[in-house]
$ cat query_33.csv   # CSV, C-alpha atoms and all ligand atoms
chain,number,residue,atom,x,y,z
I,20,MET,CA,104.1,45.8,57.9
I,21,LYS,CA,107.4,47.7,58.1
I,22,GLU,CA,105.6,51.0,57.7
I,23,TYR,CA,103.1,50.1,60.4
I,24,GLU,CA,105.7,49.1,62.9
I,25,SER,CA,107.7,52.3,62.2
I,26,ARG,CA,104.7,54.6,62.6
I,27,TYR,CA,103.8,52.7,65.8
I,28,LYS,CA,107.3,53.4,67.2
I,29,MET,CA,107.0,57.1,66.3
I,30,SER,CA,104.1,57.4,68.8
I,31,ASN,CA,106.1,55.9,71.6
I,32,LYS,CA,107.5,57.9,74.4
I,33,GLY,CA,110.6,56.0,75.3
I,34,LYS,CA,113.6,55.0,73.2
I,35,LEU,CA,114.9,51.6,72.2
I,36,PHE,CA,118.5,50.7,72.7
I,37,VAL,CA,120.0,47.5,71.3
I,38,LEU,CA,123.3,46.1,72.8
I,39,SER,CA,125.1,43.3,70.8
I,40,GLY,CA,128.6,41.8,70.7
I,41,PRO,CA,130.2,38.4,70.9
I,42,SER,CA,129.7,36.1,73.9
I,43,GLY,CA,132.1,37.0,76.7
I,44,VAL,CA,132.8,40.5,75.6
I,45,GLY,CA,131.1,42.0,78.7
I,46,LYS,CA,127.6,42.9,77.5
I,47,GLY,CA,125.9,41.6,80.7
I,48,THR,CA,128.4,43.5,82.8
I,49,LEU,CA,127.9,46.8,81.0
I,50,ARG,CA,124.1,46.3,81.0
I,51,GLU,CA,124.1,45.8,84.8
I,52,HIS,CA,126.0,49.1,85.3
I,53,ALA,CA,123.8,51.0,82.9
I,54,LEU,CA,120.6,49.7,84.7
I,55,ASN,CA,122.0,50.7,88.1
I,56,ASP,CA,123.1,54.2,86.8
I,57,LEU,CA,120.1,55.2,84.7
I,58,SER,CA,116.8,55.3,86.5
I,59,ASN,CA,114.6,55.6,83.4
I,60,LEU,CA,116.2,52.5,81.7
I,61,VAL,CA,114.6,49.1,81.8
I,62,TYR,CA,115.8,45.7,80.5
I,63,SER,CA,113.6,43.6,78.4
I,64,ILE,CA,113.9,40.0,79.5
I,65,SER,CA,114.2,37.6,76.5
I,66,CYS,CA,112.8,34.2,76.0
I,67,THR,CA,115.2,31.3,75.3
I,68,THR,CA,115.2,27.6,74.8
I,69,ARG,CA,118.6,27.4,76.4
I,70,LYS,CA,118.8,25.6,79.7
I,71,PRO,CA,119.3,27.8,82.8
I,72,ARG,CA,122.9,28.1,84.0
I,73,GLU,CA,123.7,27.6,87.7
I,74,GLY,CA,122.3,30.5,89.6
I,75,GLU,CA,119.9,31.6,86.8
I,76,THR,CA,116.2,32.0,87.6
I,77,ASP,CA,113.2,31.8,85.2
I,78,GLY,CA,111.9,35.3,84.7
I,79,ILE,CA,115.0,37.1,85.9
I,80,GLU,CA,117.8,36.4,83.4
I,81,TYR,CA,115.5,34.9,80.8
I,82,ARG,CA,112.1,33.3,80.4
I,83,PHE,CA,113.2,29.7,79.9
I,84,ILE,CA,110.7,28.0,77.6
I,85,THR,CA,110.5,24.8,75.5
I,86,HIS,CA,111.2,24.6,71.8
I,87,GLU,CA,107.5,23.8,71.3
I,88,LYS,CA,106.4,26.9,73.1
I,89,PHE,CA,108.9,29.1,71.3
I,90,GLU,CA,107.8,27.8,67.9
I,91,GLU,CA,104.2,28.3,68.9
I,92,ASP,CA,105.0,32.0,69.8
I,93,ILE,CA,106.7,32.4,66.5
I,94,ARG,CA,103.6,31.2,64.7
I,95,GLN,CA,101.5,33.6,66.8
I,96,ASN,CA,103.8,36.4,65.6
I,97,LEU,CA,104.5,37.4,69.2
I,98,PHE,CA,108.2,38.3,68.7
I,99,LEU,CA,109.7,41.7,67.8
I,100,GLU,CA,112.7,39.7,66.7
I,101,TYR,CA,114.1,36.2,67.3
I,102,ALA,CA,117.1,34.2,66.2
I,103,HIS,CA,118.7,30.8,66.5
I,104,VAL,CA,122.0,31.5,68.4
I,105,HIS,CA,124.6,29.0,69.4
I,106,SER,CA,122.0,26.2,68.7
I,107,ASP,CA,119.1,27.6,70.8
I,108,TYR,CA,116.3,30.0,70.1
I,109,TYR,CA,116.4,33.5,71.7
I,110,GLY,CA,113.7,36.2,71.2
I,111,THR,CA,112.2,39.4,72.4
I,112,LEU,CA,108.4,39.6,72.9
I,113,LYS,CA,106.8,42.6,71.2
I,114,ALA,CA,104.3,43.2,74.0
I,115,ASP,CA,107.1,43.6,76.6
I,116,VAL,CA,108.9,46.3,74.6
I,117,GLU,CA,105.7,48.1,73.6
I,118,ARG,CA,104.4,48.3,77.2
I,119,GLU,CA,107.6,49.9,78.5
I,120,LEU,CA,108.0,52.3,75.6
I,121,GLU,CA,104.4,53.4,76.0
I,122,ALA,CA,105.1,54.0,79.7
I,123,GLY,CA,107.9,56.4,78.7
I,124,LYS,CA,110.7,54.1,79.7
I,125,ASN,CA,113.9,53.7,77.7
I,126,VAL,CA,114.3,50.0,76.9
I,127,LEU,CA,117.5,48.1,76.6
I,128,LEU,CA,117.7,44.8,74.6
I,129,GLU,CA,120.8,42.6,74.8
I,130,ILE,CA,120.5,40.5,71.7
I,131,ASP,CA,122.6,39.0,68.9
I,132,VAL,CA,123.5,40.6,65.6
I,133,GLN,CA,120.8,38.8,63.6
I,134,GLY,CA,118.1,40.0,66.1
I,135,ALA,CA,119.6,43.6,66.1
I,136,LEU,CA,119.3,43.9,62.4
I,137,GLN,CA,115.7,42.7,62.5
I,138,VAL,CA,114.9,45.3,65.1
I,139,ARG,CA,116.5,48.0,62.9
I,140,ASP,CA,114.3,46.9,59.9
I,141,LYS,CA,111.2,47.1,62.0
I,142,ILE,CA,112.1,50.2,64.2
I,143,PRO,CA,114.6,52.4,62.3
I,144,GLU,CA,114.7,54.8,65.3
I,145,ALA,CA,116.3,52.1,67.5
I,146,VAL,CA,119.9,52.9,68.6
I,147,LEU,CA,122.2,50.0,67.8
I,148,ILE,CA,125.3,49.7,70.0
I,149,PHE,CA,128.0,47.0,69.4
I,150,VAL,CA,130.4,46.0,72.2
I,151,ALA,CA,133.8,44.8,70.7
I,152,PRO,CA,136.7,43.1,72.6
I,153,PRO,CA,140.2,44.6,72.6
I,154,SER,CA,141.3,41.4,70.9
I,155,ILE,CA,140.1,37.8,70.2
I,156,GLU,CA,142.6,36.6,72.8
I,157,THR,CA,141.1,38.8,75.4
I,158,LEU,CA,137.6,37.6,74.4
I,159,GLU,CA,138.6,33.9,74.8
I,160,SER,CA,140.3,34.5,78.2
I,161,ARG,CA,137.2,36.3,79.5
I,162,LEU,CA,134.9,33.5,78.3
I,163,ARG,CA,137.2,30.9,79.8
I,164,ASN,CA,137.5,32.7,83.1
I,165,ARG,CA,133.8,33.1,83.4
I,166,ASN,CA,133.7,29.4,83.5
I,167,THR,CA,130.1,28.9,82.4
I,168,GLU,CA,130.5,27.0,79.2
I,169,SER,CA,131.6,23.5,78.2
I,170,GLU,CA,134.7,23.3,75.9
I,171,GLU,CA,132.3,22.6,73.0
I,172,ALA,CA,130.0,25.5,73.8
I,173,LEU,CA,133.0,27.7,74.1
I,174,ARG,CA,134.3,26.8,70.7
I,175,VAL,CA,130.9,27.5,69.1
I,176,ARG,CA,130.8,30.9,70.8
I,177,LEU,CA,134.3,31.8,69.6
I,178,SER,CA,133.7,30.7,66.1
I,179,ASN,CA,130.4,32.8,66.0
I,180,ALA,CA,132.4,35.7,67.4
I,181,ALA,CA,134.3,36.2,64.1
I,182,LYS,CA,131.0,36.4,62.2
I,183,GLU,CA,129.5,38.9,64.7
I,184,LEU,CA,132.6,41.1,64.6
I,185,ASP,CA,132.2,41.3,60.8
I,186,LEU,CA,128.8,43.0,61.3
I,187,GLN,CA,129.9,45.7,63.8
I,188,ASN,CA,130.0,48.4,61.1
I,189,GLU,CA,126.2,48.1,60.7
I,190,TYR,CA,125.8,49.6,64.2
I,191,ASP,CA,125.3,53.2,65.2
I,192,TYR,CA,128.0,53.0,67.9
I,193,ILE,CA,130.9,50.7,68.7
I,194,ILE,CA,132.3,50.5,72.3
I,195,VAL,CA,135.6,48.7,72.8
I,196,ASN,CA,135.3,47.1,76.2
I,197,ASP,CA,138.9,47.3,77.3
I,198,ASP,CA,138.8,49.4,80.5
I,199,LEU,CA,135.5,48.6,82.1
I,200,ASP,CA,134.9,52.0,83.7
I,201,LYS,CA,135.6,53.8,80.4
I,202,ALA,CA,133.2,51.4,78.5
I,203,CYS,CA,130.5,52.0,81.1
I,204,GLU,CA,130.8,55.7,80.8
I,205,GLU,CA,130.6,55.5,77.0
I,206,LEU,CA,127.4,53.4,77.2
I,207,ARG,CA,125.9,55.8,79.8
I,208,ARG,CA,126.6,58.8,77.6
I,209,ILE,CA,125.1,57.2,74.5
I,210,ILE,CA,121.9,56.3,76.3
I,211,HIS,CA,121.7,59.6,78.2
I,212,ASP,CA,122.4,61.9,75.2
I,213,ASP,CA,120.9,60.0,72.2
P,301,LIG,P1,128.7,38.7,77.9
P,301,LIG,O1,127.4,39.1,78.6
P,301,LIG,O2,129.0,39.6,76.7
P,301,LIG,O3,128.7,37.2,77.5
P,301,LIG,P2,129.9,39.1,80.5
P,301,LIG,O4,129.4,40.4,80.9
P,301,LIG,O5,129.4,37.8,81.1
P,301,LIG,O6,129.9,38.9,78.9
P,301,LIG,O7,131.5,39.2,80.7
P,301,LIG,C1,132.4,38.0,80.5
P,301,LIG,C2,133.4,38.0,81.6
P,301,LIG,O8,134.4,39.1,81.3
P,301,LIG,C3,132.9,38.2,82.9
P,301,LIG,O9,133.6,37.3,83.8
P,301,LIG,C4,133.2,39.7,83.3
P,301,LIG,O10,133.3,39.9,84.7
P,301,LIG,C5,134.4,39.9,82.5
P,301,LIG,N1,134.6,41.3,82.0
P,301,LIG,C6,133.6,42.1,81.5
P,301,LIG,N2,134.1,43.3,81.1
P,301,LIG,C7,135.5,43.3,81.4
P,301,LIG,C8,136.5,44.2,81.3
P,301,LIG,N3,136.4,45.4,80.7
P,301,LIG,N4,137.8,43.8,81.7
P,301,LIG,C9,138.0,42.6,82.2
P,301,LIG,N5,137.0,41.7,82.4
P,301,LIG,C10,135.7,42.0,82.0
P,302,LIG,P1,123.7,33.6,76.5
P,302,LIG,O1,123.3,32.1,76.2
P,302,LIG,O2,125.2,33.7,76.8
P,302,LIG,O3,122.8,34.2,77.6
P,302,LIG,O4,123.3,34.4,75.2
P,302,LIG,C1,123.8,34.0,74.0
P,302,LIG,C2,123.5,35.1,73.0
P,302,LIG,O5,122.1,35.2,72.7
P,302,LIG,C3,124.1,36.5,73.3
P,302,LIG,O6,124.8,36.9,72.1
P,302,LIG,C4,122.8,37.3,73.6
P,302,LIG,O7,123.0,38.6,73.2
P,302,LIG,C5,121.8,36.6,72.6
P,302,LIG,N1,120.5,36.9,73.0
P,302,LIG,C6,119.9,36.9,74.2
P,302,LIG,N2,118.6,37.2,74.2
P,302,LIG,C7,118.3,37.4,72.9
P,302,LIG,C8,117.1,37.7,72.2
P,302,LIG,O8,116.1,38.0,72.7
P,302,LIG,N3,117.2,37.8,70.8
P,302,LIG,C9,118.3,37.5,70.1
P,302,LIG,N4,118.3,37.6,68.8
P,302,LIG,N5,119.5,37.2,70.8
P,302,LIG,C10,119.5,37.1,72.1

$ encode --input "query_33.csv" --output "structure tokens"
Amino acid sequence: MKEYESRYKMSNKGKLFVLSGPSGVGKGTLREHALNDLSNLVYSISCTTRKPREGETDGIEYRFITHEKFEEDIRQNLFLEYAHVHSDYYGTLKADVERELEAGKNVLLEIDVQGALQVRDKIPEAVLIFVAPPSIETLESRLRNRNTESEEALRVRLSNAAKELDLQNEYDYIIVNDDLDKACEELRRIIHDD
């Protein structure tokens, strides 16, 4: 299976980039900038069982699906990777990524560390990029200022952050998102030059 997936990827024309990092570190912000700046880059929309936040639309930020549908898709082996994150399922559909890579597009995934390591096992050529906060205190204040989580959800995200930071050395690149312009430029350069 591993060998098959790897050989499959070798025949693709685009490159796969995986962006991870703790909740609130700025992944979504960096992703938006990269997508605006790099014309050959597309974002693969994940599936999740999480409920949409205010302002989120099905098919734009995520495909919002039920637990039952997600588990059926797991059984059908439709996911390139999936994980249980902050008490919900999140996953990337194989078909979405394959279609874009075959069309010659570079594809960006924004996924958690468990998912990123699954992608690396299946597609060793994937480029793994970790976004780290300047400090845990900064992370907490960004998450609080974003104002999208309940106090309980916030605590879960912060306690998961420590585990995610422990895995940053598994990645090909680490970007510390302190100054936003500088972090955007680093991401652009990695995608452009890699
Ligand atoms: P993530 O997608 O990793 O959960 P977001 O992109 O939603 O994180 O960013 C979390 C919050 O931090 C947002 O309110 C965003 O505007 C802010 N933010 C992102 N990068 C920076 C930065 N370099 N400096 C200050 N605030 C930032
Ligand atoms: P949020 O609920 O804040 O949108 O995302 C929570 C976490 O789920 C983030 O760390 C995000 O990167 C991760 N995530 C989003 N989509 C996927 C996915 O398709 N697969 C995996 N493994 N994680 C994902």

$ residues_near_ligand --input "query_33.csv" --ligand "ligand LIG 301 (chain P)" --cutoff "6 Å" --atoms "all atoms listed in the file" --output "ChimeraX atom specification"
/I:42-48,161-162,165,196-199

$ closest_residue --input "query_33.csv" --among "I:Val195, I:Leu38, I:Ala202, I:Leu186" --to "ligand LIG 302 (chain P)" --atoms "only C-alpha atoms and all ligand atoms"
I:Leu38

$ residues_around --input "query_33.csv" --residues "stretch 73-89 of chain I" --least-positions-apart "4" --cutoff "9 Å" --atoms "all atoms listed in the file" --output "number ranges by chain"
I: 64-69, 93-94, 107-110, 167

$ closest_residue --input "query_33.csv" --among "I:Glu91, I:Glu100, I:Asp191, I:Glu119" --to "I:Gln137" --atoms "all atoms listed in the file"
I:Glu100

$ atom_distance --input "query_33.csv" --atom1 "atom CA of I:Arg50" --atom2 "atom CA of I:Ser169"
24.2 Å

$ residues_around --input "query_33.csv" --residues "I:Val150" --least-positions-apart "4" --cutoff "6 Å" --atoms "only C-alpha atoms" --output "MDAnalysis selection string"
chainID I and resid 40 193:195

$ write_last_selection --input "query_33.csv" --atoms "C-alpha atoms" --output "CSV table (one decimal), in the coordinates of the input"
chain,number,residue,atom,x,y,z
I,40,GLY,CA,128.6,41.8,70.7
I,193,ILE,CA,130.9,50.7,68.7
I,194,ILE,CA,132.3,50.5,72.3
I,195,VAL,CA,135.6,48.7,72.8

$ decode --input "query_33.csv" --residues "stretch 161-177 of chain I" --atoms "N, CA, C and O atoms" --output "JSON list (two decimals), in the first residue's frame"
[["chain", "number", "residue", "atom", "x", "y", "z"],
["I", 161, "ARG", "N", -3.75, 35.15, 21.31],
["I", 161, "ARG", "CA", -4.33, 35.17, 19.94],
["I", 161, "ARG", "C", -5.64, 34.39, 19.90],
["I", 161, "ARG", "O", -6.61, 34.80, 19.27],
["I", 162, "LEU", "N", -5.62, 33.25, 20.57],
["I", 162, "LEU", "CA", -6.82, 32.40, 20.57],
["I", 162, "LEU", "C", -7.97, 33.11, 21.29],
["I", 162, "LEU", "O", -9.11, 33.10, 20.82],
["I", 163, "ARG", "N", -7.64, 33.77, 22.41],
["I", 163, "ARG", "CA", -8.68, 34.50, 23.15],
["I", 163, "ARG", "C", -9.20, 35.68, 22.33],
["I", 163, "ARG", "O", -10.40, 35.91, 22.24],
["I", 164, "ASN", "N", -8.28, 36.41, 21.71],
["I", 164, "ASN", "CA", -8.70, 37.59, 20.93],
["I", 164, "ASN", "C", -9.52, 37.20, 19.71],
["I", 164, "ASN", "O", -10.35, 37.99, 19.26],
["I", 165, "ARG", "N", -9.26, 36.00, 19.18],
["I", 165, "ARG", "CA", -10.05, 35.56, 18.01],
["I", 165, "ARG", "C", -11.51, 35.39, 18.40],
["I", 165, "ARG", "O", -12.41, 35.53, 17.57],
["I", 166, "ASN", "N", -11.71, 35.01, 19.66],
["I", 166, "ASN", "CA", -13.07, 35.00, 20.21],
["I", 166, "ASN", "C", -14.01, 34.01, 19.52],
["I", 166, "ASN", "O", -15.17, 34.31, 19.30],
["I", 167, "THR", "N", -13.48, 32.84, 19.14],
["I", 167, "THR", "CA", -14.32, 31.87, 18.43],
["I", 167, "THR", "C", -14.62, 30.64, 19.29],
["I", 167, "THR", "O", -15.44, 29.82, 18.90],
["I", 168, "GLU", "N", -13.93, 30.49, 20.41],
["I", 168, "GLU", "CA", -14.08, 29.25, 21.19],
["I", 168, "GLU", "C", -14.69, 29.55, 22.56],
["I", 168, "GLU", "O", -14.46, 30.60, 23.14],
["I", 169, "SER", "N", -15.40, 28.55, 23.07],
["I", 169, "SER", "CA", -15.85, 28.63, 24.47],
["I", 169, "SER", "C", -14.63, 28.45, 25.36],
["I", 169, "SER", "O", -13.58, 28.00, 24.89],
["I", 170, "GLU", "N", -14.77, 28.77, 26.67],
["I", 170, "GLU", "CA", -13.64, 28.62, 27.60],
["I", 170, "GLU", "C", -13.17, 27.16, 27.61],
["I", 170, "GLU", "O", -11.97, 26.88, 27.61],
["I", 171, "GLU", "N", -14.12, 26.22, 27.54],
["I", 171, "GLU", "CA", -13.74, 24.80, 27.59],
["I", 171, "GLU", "C", -12.98, 24.41, 26.32],
["I", 171, "GLU", "O", -11.93, 23.77, 26.38],
["I", 172, "ALA", "N", -13.50, 24.83, 25.16],
["I", 172, "ALA", "CA", -12.84, 24.49, 23.89],
["I", 172, "ALA", "C", -11.44, 25.12, 23.86],
["I", 172, "ALA", "O", -10.47, 24.52, 23.37],
["I", 173, "LEU", "N", -11.34, 26.31, 24.43],
["I", 173, "LEU", "CA", -10.04, 27.00, 24.46],
["I", 173, "LEU", "C", -9.04, 26.21, 25.29],
["I", 173, "LEU", "O", -7.88, 26.03, 24.90],
["I", 174, "ARG", "N", -9.51, 25.69, 26.43],
["I", 174, "ARG", "CA", -8.59, 24.93, 27.30],
["I", 174, "ARG", "C", -8.13, 23.65, 26.62],
["I", 174, "ARG", "O", -6.97, 23.27, 26.71],
["I", 175, "VAL", "N", -9.05, 22.97, 25.91],
["I", 175, "VAL", "CA", -8.68, 21.75, 25.18],
["I", 175, "VAL", "C", -7.62, 22.10, 24.14],
["I", 175, "VAL", "O", -6.60, 21.41, 24.01],
["I", 176, "ARG", "N", -7.82, 23.21, 23.41],
["I", 176, "ARG", "CA", -6.88, 23.60, 22.35],
["I", 176, "ARG", "C", -5.50, 23.94, 22.92],
["I", 176, "ARG", "O", -4.49, 23.60, 22.33],
["I", 177, "LEU", "N", -5.49, 24.60, 24.07],
["I", 177, "LEU", "CA", -4.20, 24.95, 24.67],
["I", 177, "LEU", "C", -3.48, 23.72, 25.22],
["I", 177, "LEU", "O", -2.26, 23.60, 25.10]]
